[in-house]
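What follows is a set of notes on a single structure, which appears directly below.
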2 protein chains.
Amino acid sequence: MSDTPKSPRSTVRRAPRRGTYSRDDLLEILDEAWLCHVGVVDDGAPVVIPMSCWLYEERLMVHGSPRSRLMRLLLEGAAACVTVTHLDGLVLARSAFHHSMNYRSVVLHGVATEVSDPQARGAAFAAFVEKVEPGRWDRIRQPNDAELRATTLLGFDIDEAAGKRRTGGPVDAPADLSHPVWAGVIPLALTRGAPVRDGAAVE
Amino acid sequence: MSDTPKSPRSTVRRAPRRGTYSRDDLLEILDEAWLCHVGVVDDGAPVVIPMSCWLYEERLMVHGSPRSRLMRLLLEGAAACVTVTHLDGLVLARSAFHHSMNYRSVVLHGVATEVSDPQARGAAFAAFVEKVEPGRWDRIRQPNDAELRATTLLGFDIDEAAGKRRTGGPVDAPADLSHPVWAGVIPLALTRGAPVRDGAAVE
């Protein structure tokens, strides 16, 4: 698929070899995310808030109460920077300086668009629940009108966006390779534990 | 220990019962983090960049090249918002509306201070490496002058900051408790996999 268009602020300048602008790469990184960090300027100062997120029709969706300050700012068209980061490993080098981390990230600039069409809203919320557990949407009690009114749904186009990733082992200077210390990668991953059934269940 | 002083922007307004201002709580959440998301205003627009982080003497430390745009902005005294989030679980309710996530987060406002004293810098970098693997600092090749010059070290005071957390199971409406669907929590945790030794090792 096509690359995202490059803009000065969505061009990876530090370690540019780690940058990616391929839409497929960006979608893959975003699709794995449960959380994004949304930055806006509020009263002249930056604010960064974690929000749950998911992909729907190749847009990054967030939702929340229309009464929250962040949602209000986004609804008013505030410029936003939405960042998703997966930490994939700790990179242990022989030298302190070359210690690093493996990660994949997307930094997306844009203005959120509200999704207000009832059918699109239903389909987008269903996509989120299906991401949690395939088949779940049809088994749960679906939103009623009051609940839908209490939830604002916003989408960000994957347009002015850049990905970045580091993979692989440490890159030590040749002179350090004989330094007698273990070097390599400790993989990190967000993993699911054993499900804990709710005590209030009346099934 | 004392609470952080409350300011309007570091007061949890959405679901305030989930807020915490206890310094011990904030330090515990921050100490567990490998990554923070640093937001600044650049040319009027928000930018949110993931950075590795660690605690040193009750300050949140970040480091990077003095040539990076973000580090330059921080060095110039840009107002920053630094956010750390741990995702602890997916909360599956009987109703779509009450699905949620368990998490712990800290949102910190402040201006970074450069740490330039050589001894403090060494001790702070050592603290980071020791967090990765206790005892490692004395075994690795420590930074030389050129490497130290290429690394800017910044600290954020844990001062204007608020924590927030959600724990526990779904909170469904009583009328939904008999809805015939599994409800509960799928725990999530960032876990370490089996270490992968670097192929270039000459030990």
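Ordering of the structure tokens sets the chain letters (A, B, ...), residue numbers begin anew at 1 in every chain, and ligands are numbered from 1 in the order given.
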Please produce chain A as an mmCIF file with C-alpha atoms, in the first residue's frame once it has been superposed on chain B, the fit using all Cα atoms paired in sequence order.
```cif
data_model
loop_
_atom_site.group_PDB
_atom_site.id
_atom_site.type_symbol
_atom_site.label_atom_id
_atom_site.label_comp_id
_atom_site.auth_asym_id
_atom_site.auth_seq_id
_atom_site.Cartn_x
_atom_site.Cartn_y
_atom_site.Cartn_z
ATOM 1 C CA MET A 1 4.984 10.569 52.538
ATOM 2 C CA SER A 2 3.400 13.851 51.585
ATOM 3 C CA ASP A 3 1.020 14.389 48.711
ATOM 4 C CA THR A 4 1.998 16.380 45.643
ATOM 5 C CA PRO A 5 0.495 19.880 45.712
ATOM 6 C CA LYS A 6 -2.737 20.065 43.715
ATOM 7 C CA SER A 7 -2.936 22.474 40.800
ATOM 8 C CA PRO A 8 -5.965 22.904 38.547
ATOM 9 C CA ARG A 9 -4.326 21.003 35.706
ATOM 10 C CA SER A 10 -2.984 18.233 37.904
ATOM 11 C CA THR A 11 -6.345 17.495 39.480
ATOM 12 C CA VAL A 12 -8.168 14.397 38.258
ATOM 13 C CA ARG A 13 -11.615 15.527 37.158
ATOM 14 C CA ARG A 14 -12.944 12.505 35.240
ATOM 15 C CA ALA A 15 -13.663 9.725 37.751
ATOM 16 C CA PRO A 16 -11.906 11.629 40.583
ATOM 17 C CA ARG A 17 -12.204 8.608 42.918
ATOM 18 C CA ARG A 18 -9.499 7.011 40.746
ATOM 19 C CA GLY A 19 -7.062 9.847 41.328
ATOM 20 C CA THR A 20 -4.088 9.739 43.644
ATOM 21 C CA TYR A 21 -1.693 12.460 44.737
ATOM 22 C CA SER A 22 0.336 10.403 47.177
ATOM 23 C CA ARG A 23 4.024 10.734 46.365
ATOM 24 C CA ASP A 24 4.567 7.076 47.240
ATOM 25 C CA ASP A 25 1.878 6.001 44.771
ATOM 26 C CA LEU A 26 3.333 8.196 42.042
ATOM 27 C CA LEU A 27 6.877 6.953 42.670
ATOM 28 C CA GLU A 28 5.700 3.342 42.578
ATOM 29 C CA ILE A 29 3.967 3.824 39.225
ATOM 30 C CA LEU A 30 6.921 5.713 37.766
ATOM 31 C CA ASP A 31 9.500 3.252 39.080
ATOM 32 C CA GLU A 32 7.888 0.441 37.115
ATOM 33 C CA ALA A 33 8.042 2.333 33.832
ATOM 34 C CA TRP A 34 10.556 1.840 31.034
ATOM 35 C CA LEU A 35 8.863 4.404 28.843
ATOM 36 C CA CYS A 36 7.194 7.745 29.242
ATOM 37 C CA HIS A 37 5.438 9.878 26.640
ATOM 38 C CA VAL A 38 6.804 13.414 26.628
ATOM 39 C CA GLY A 39 4.596 16.170 25.254
ATOM 40 C CA VAL A 40 5.791 19.631 24.314
ATOM 41 C CA VAL A 41 4.459 22.438 22.184
ATOM 42 C CA ASP A 42 6.555 22.825 19.048
ATOM 43 C CA ASP A 43 5.710 25.685 16.733
ATOM 44 C CA GLY A 44 2.278 25.968 18.359
ATOM 45 C CA ALA A 45 1.366 22.311 17.910
ATOM 46 C CA PRO A 46 1.569 19.398 20.340
ATOM 47 C CA VAL A 47 4.247 16.743 19.869
ATOM 48 C CA VAL A 48 4.279 13.513 21.887
ATOM 49 C CA ILE A 49 7.449 11.417 21.793
ATOM 50 C CA PRO A 50 8.160 8.152 23.622
ATOM 51 C CA MET A 51 11.339 8.217 25.701
ATOM 52 C CA SER A 52 12.976 5.734 28.008
ATOM 53 C CA CYS A 53 12.828 6.852 31.629
ATOM 54 C CA TRP A 54 13.818 5.904 35.126
ATOM 55 C CA LEU A 55 13.746 7.285 38.633
ATOM 56 C CA TYR A 56 16.841 8.753 40.244
ATOM 57 C CA GLU A 57 16.645 10.519 43.577
ATOM 58 C CA GLU A 58 12.875 10.841 43.247
ATOM 59 C CA ARG A 59 13.040 12.554 39.894
ATOM 60 C CA LEU A 60 11.984 11.132 36.559
ATOM 61 C CA MET A 61 15.020 11.025 34.282
ATOM 62 C CA VAL A 62 15.166 11.017 30.497
ATOM 63 C CA HIS A 63 18.212 11.142 28.284
ATOM 64 C CA GLY A 64 19.039 11.656 24.656
ATOM 65 C CA SER A 65 21.181 13.356 22.118
ATOM 66 C CA PRO A 66 21.550 17.121 22.592
ATOM 67 C CA ARG A 67 21.038 17.357 18.828
ATOM 68 C CA SER A 68 17.489 15.964 18.911
ATOM 69 C CA ARG A 69 14.748 18.525 18.486
ATOM 70 C CA LEU A 70 12.870 17.352 21.557
ATOM 71 C CA MET A 71 15.956 17.487 23.782
ATOM 72 C CA ARG A 72 16.753 20.961 22.492
ATOM 73 C CA LEU A 73 13.249 22.175 23.300
ATOM 74 C CA LEU A 74 13.445 20.657 26.776
ATOM 75 C CA LEU A 75 16.893 22.180 27.333
ATOM 76 C CA GLU A 76 15.499 25.566 26.357
ATOM 77 C CA GLY A 77 12.933 25.237 29.131
ATOM 78 C CA ALA A 78 9.869 24.176 27.187
ATOM 79 C CA ALA A 79 6.862 23.354 29.349
ATOM 80 C CA ALA A 80 6.430 19.587 29.220
ATOM 81 C CA CYS A 81 3.787 17.045 30.133
ATOM 82 C CA VAL A 82 5.253 13.621 30.853
ATOM 83 C CA THR A 83 2.864 10.692 31.056
ATOM 84 C CA VAL A 84 3.492 7.123 32.164
ATOM 85 C CA THR A 85 0.826 4.471 31.726
ATOM 86 C CA HIS A 86 0.733 0.800 32.690
ATOM 87 C CA LEU A 87 -2.065 -1.251 31.182
ATOM 88 C CA ASP A 88 -3.042 -3.885 33.744
ATOM 89 C CA GLY A 89 -6.070 -5.548 32.224
ATOM 90 C CA LEU A 90 -9.033 -5.613 29.890
ATOM 91 C CA VAL A 91 -12.311 -5.388 31.792
ATOM 92 C CA LEU A 92 -15.093 -7.346 30.102
ATOM 93 C CA ALA A 93 -18.560 -6.327 31.234
ATOM 94 C CA ARG A 94 -21.979 -7.744 30.303
ATOM 95 C CA SER A 95 -22.870 -4.444 28.639
ATOM 96 C CA ALA A 96 -20.806 -2.843 25.896
ATOM 97 C CA PHE A 97 -20.872 0.456 27.775
ATOM 98 C CA HIS A 98 -19.222 -0.847 30.932
ATOM 99 C CA HIS A 99 -16.248 -2.468 29.218
ATOM 100 C CA SER A 100 -13.160 -0.816 30.579
ATOM 101 C CA MET A 101 -9.457 -1.174 31.215
ATOM 102 C CA ASN A 102 -7.441 -1.465 34.379
ATOM 103 C CA TYR A 103 -4.453 0.833 34.363
ATOM 104 C CA ARG A 104 -2.164 3.018 36.435
ATOM 105 C CA SER A 105 -0.964 6.327 35.089
ATOM 106 C CA VAL A 106 0.912 9.436 36.131
ATOM 107 C CA VAL A 107 0.557 12.764 34.345
ATOM 108 C CA LEU A 108 3.354 15.141 35.312
ATOM 109 C CA HIS A 109 3.708 18.782 34.323
ATOM 110 C CA GLY A 110 7.013 20.552 34.547
ATOM 111 C CA VAL A 111 10.152 21.919 33.035
ATOM 112 C CA ALA A 112 13.140 19.629 32.749
ATOM 113 C CA THR A 113 16.370 20.430 34.560
ATOM 114 C CA GLU A 114 19.654 19.371 33.043
ATOM 115 C CA VAL A 115 21.902 17.254 35.210
ATOM 116 C CA SER A 116 25.433 18.303 34.367
ATOM 117 C CA ASP A 117 27.475 17.416 37.445
ATOM 118 C CA PRO A 118 29.687 14.499 36.331
ATOM 119 C CA GLN A 119 29.215 12.523 39.526
ATOM 120 C CA ALA A 120 25.433 12.922 39.529
ATOM 121 C CA ARG A 121 25.348 11.951 35.864
ATOM 122 C CA GLY A 122 27.363 8.818 36.506
ATOM 123 C CA ALA A 123 25.163 7.859 39.429
ATOM 124 C CA ALA A 124 21.976 8.486 37.443
ATOM 125 C CA PHE A 125 23.132 6.401 34.469
ATOM 126 C CA ALA A 126 24.231 3.675 36.865
ATOM 127 C CA ALA A 127 20.741 3.682 38.396
ATOM 128 C CA PHE A 128 19.239 3.093 34.947
ATOM 129 C CA VAL A 129 21.552 0.182 34.136
ATOM 130 C CA GLU A 130 20.988 -1.298 37.596
ATOM 131 C CA LYS A 131 17.251 -1.180 36.963
ATOM 132 C CA VAL A 132 17.776 -3.265 33.826
ATOM 133 C CA GLU A 133 19.954 -5.787 35.665
ATOM 134 C CA PRO A 134 21.174 -5.364 39.245
ATOM 135 C CA GLY A 135 24.965 -5.505 39.426
ATOM 136 C CA ARG A 136 25.402 -4.735 35.737
ATOM 137 C CA TRP A 137 26.937 -1.267 36.020
ATOM 138 C CA ASP A 138 30.197 -2.596 37.427
ATOM 139 C CA ARG A 139 30.458 -5.288 34.748
ATOM 140 C CA ILE A 140 29.977 -3.154 31.637
ATOM 141 C CA ARG A 141 32.380 -0.799 29.911
ATOM 142 C CA GLN A 142 31.456 2.533 31.418
ATOM 143 C CA PRO A 143 30.949 5.711 29.374
ATOM 144 C CA ASN A 144 33.975 7.566 28.043
ATOM 145 C CA ASP A 145 34.154 11.333 27.654
ATOM 146 C CA ALA A 146 32.922 11.391 24.064
ATOM 147 C CA GLU A 147 29.915 9.246 24.982
ATOM 148 C CA LEU A 148 29.103 11.423 27.959
ATOM 149 C CA ARG A 149 29.278 14.530 25.791
ATOM 150 C CA ALA A 150 26.864 12.922 23.336
ATOM 151 C CA THR A 151 24.254 12.301 26.033
ATOM 152 C CA THR A 152 22.108 14.950 27.660
ATOM 153 C CA LEU A 153 20.510 13.971 30.947
ATOM 154 C CA LEU A 154 17.351 15.682 32.138
ATOM 155 C CA GLY A 155 15.266 15.291 35.255
ATOM 156 C CA PHE A 156 11.660 16.159 36.062
ATOM 157 C CA ASP A 157 10.594 16.857 39.608
ATOM 158 C CA ILE A 158 7.562 14.866 40.791
ATOM 159 C CA ASP A 159 5.767 17.971 41.885
ATOM 160 C CA GLU A 160 2.814 19.044 39.768
ATOM 161 C CA ALA A 161 1.640 15.521 39.110
ATOM 162 C CA ALA A 162 -1.392 13.293 39.489
ATOM 163 C CA GLY A 163 -1.814 9.548 39.379
ATOM 164 C CA LYS A 164 -4.877 7.650 38.276
ATOM 165 C CA ARG A 165 -5.741 3.978 38.433
ATOM 166 C CA ARG A 166 -8.543 1.578 37.850
ATOM 167 C CA THR A 167 -8.518 -1.844 39.420
ATOM 168 C CA GLY A 168 -11.024 -4.649 39.836
ATOM 169 C CA GLY A 169 -13.803 -6.187 37.811
ATOM 170 C CA PRO A 170 -16.560 -4.765 35.642
ATOM 171 C CA VAL A 171 -19.225 -2.561 37.207
ATOM 172 C CA ASP A 172 -22.387 -3.531 35.376
ATOM 173 C CA ALA A 173 -25.833 -2.211 36.078
ATOM 174 C CA PRO A 174 -27.769 -4.603 38.348
ATOM 175 C CA ALA A 175 -30.252 -5.295 35.538
ATOM 176 C CA ASP A 176 -27.422 -6.623 33.374
ATOM 177 C CA LEU A 177 -25.939 -9.065 35.878
ATOM 178 C CA SER A 178 -28.056 -11.916 34.555
ATOM 179 C CA HIS A 179 -27.058 -11.291 30.952
ATOM 180 C CA PRO A 180 -25.613 -14.646 29.838
ATOM 181 C CA VAL A 181 -22.078 -13.704 28.896
ATOM 182 C CA TRP A 182 -18.703 -14.204 30.573
ATOM 183 C CA ALA A 183 -17.607 -11.112 32.477
ATOM 184 C CA GLY A 184 -14.405 -10.416 34.308
ATOM 185 C CA VAL A 185 -10.843 -9.258 33.795
ATOM 186 C CA ILE A 186 -8.158 -10.421 31.404
ATOM 187 C CA PRO A 187 -4.964 -9.349 33.169
ATOM 188 C CA LEU A 188 -2.268 -7.777 31.027
ATOM 189 C CA ALA A 189 1.344 -7.318 32.013
ATOM 190 C CA LEU A 190 4.587 -6.417 30.326
ATOM 191 C CA THR A 191 6.573 -9.602 30.819
ATOM 192 C CA ARG A 192 10.170 -10.580 30.141
ATOM 193 C CA GLY A 193 10.800 -13.417 27.718
ATOM 194 C CA ALA A 194 13.852 -15.683 27.565
ATOM 195 C CA PRO A 195 17.015 -13.602 27.046
ATOM 196 C CA VAL A 196 18.563 -13.824 23.581
ATOM 197 C CA ARG A 197 22.364 -13.719 23.641
ATOM 198 C CA ASP A 198 24.007 -11.449 21.082
ATOM 199 C CA GLY A 199 25.613 -13.375 18.257
ATOM 200 C CA ALA A 200 28.597 -11.026 18.111
ATOM 201 C CA ALA A 201 29.617 -11.899 21.652
ATOM 202 C CA VAL A 202 33.294 -12.588 22.251
ATOM 203 C CA GLU A 203 33.230 -13.425 25.934
#
```
(message) DSSP on the backbone, alpha helix (DSSP H) only: what residues of chain B does that give? Format it as a ChimeraX atom specification.
(response) /B:23-31,69-75,118-132,145-149
(message) Going by DSSP on the backbone, which residues of chain B come out as strand (DSSP E)? List them as number ranges by chain.
(response) B: 19-20, 35-42, 45-52, 54-56, 59-64, 80-92, 100-110, 113-114, 152-157, 160-166, 184-192, 196-197
